[in-house]
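Here's the structure we're looking at; comments come further down.
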Amino acid sequence: MSDEQPSVPVFCDDCGTTTRVPLDDVGEAIERHNDQLHDGEEVAQVDPDIADHLADLVVDDLGLLDEE
Ligand SMILES: [Zn+2]
């Protein structure tokens with residue numbers, strides 16, 4: 001049993017940093033980072049490999065892959 005939030009690495013090419021952010025906050029964290037540090041440009045983003053994996057997780061979570 002665990003209700004721990006999975007965290008997601010957010011990579012910023014410009015800053016050269018990777019920050020782990022709770023899944024729930026990731027959209028907001030990226031927006032805030034880009035807003036404050038990059039004039040709203042979309043520089044920081046979820047690591048593409050992870051984003052792929054996350055999509056799988058979300059699909060799994062929604063049970064879309066369940067077969068009857
Ligand atoms: Zn940055």
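Chain labels run A, B, ... following the order of the structure tokens; each chain numbers its residues from 1, and ligands are numbered from 1 in the order shown.
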
Collect all residues with atoms no farther than 9 Å from ligand 1, counting only C-alpha atoms and all ligand atoms, and output them as a PDB file with C-alpha atoms, in the first residue's frame.
ATOM      1  CA  PHE A  11      14.644  18.737 -17.487  1.00  0.00           C
ATOM      2  CA  CYS A  12      15.608  22.272 -18.408  1.00  0.00           C
ATOM      3  CA  ASP A  13      18.054  22.515 -21.249  1.00  0.00           C
ATOM      4  CA  ASP A  14      18.747  26.183 -20.643  1.00  0.00           C
ATOM      5  CA  CYS A  15      19.485  25.844 -16.941  1.00  0.00           C
ATOM      6  CA  GLY A  16      21.088  22.429 -17.354  1.00  0.00           C
ATOM      7  CA  THR A  17      19.057  21.186 -14.410  1.00  0.00           C
ATOM      8  CA  ILE A  30       7.091  23.654 -15.491  1.00  0.00           C
ATOM      9  CA  HIS A  33       9.870  27.698 -14.018  1.00  0.00           C
ATOM     10  CA  ASN A  34       9.486  28.837 -17.595  1.00  0.00           C
ATOM     11  CA  GLN A  36      10.069  33.001 -13.918  1.00  0.00           C
ATOM     12  CA  LEU A  37      13.299  32.054 -15.645  1.00  0.00           C
ATOM     13  CA  HIS A  38      12.555  32.041 -19.343  1.00  0.00           C
ATOM     14  CA  VAL A  43      12.249  25.493 -22.155  1.00  0.00           C
ATOM     15  CA  ALA A  44      11.798  23.170 -19.204  1.00  0.00           C
TER      16      ALA A  44
END

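Looking only at chain A, the set that DSSP places in strand (DSSP E or B) from backbone geometry is Ser7, Val8, Pro9, Val10, Phe11, Cys12, Thr17, Thr18, Thr19, Arg20, Val21, Pro22, Ala44, Gln45 and Val46 of chain A.
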
Inset, instruction - Rank nothing, just name the residue among A:Asp35, A:Glu42, A:Asp25, A:Asp47 nearest to A:Pro9, using only C-alpha atoms. - result: A:Asp47

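For A:Pro6, the set of protein, DNA and RNA residues having any atom at most 9 Å away, when counting only C-alpha atoms and skipping those fewer than 5 positions along the same chain, is Val21, Pro22, Leu23 and Asp24 of chain A.
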
Legend entry - One-decimal distance in Å that lies between atom CA of A:Gly40 and atom CA of A:Asp52: 24.0 Å

Inset, instruction - Check the DSSP output for the backbone and give back, as a PyMOL selection string, the residues of stretch 17-64 of chain A in helix (DSSP H, G or I). - result: chain A and resi 23-37+48-62

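Separating atom CA of A:Leu57 from atom CA of A:Glu31 is a distance of 22.4 Å.
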
Legend entry - Nearest to A:Arg32 by atom-to-atom distance, counting only C-alpha atoms, from A:Asp60, A:Gln45, A:Glu4, A:Ala55: A:Gln45
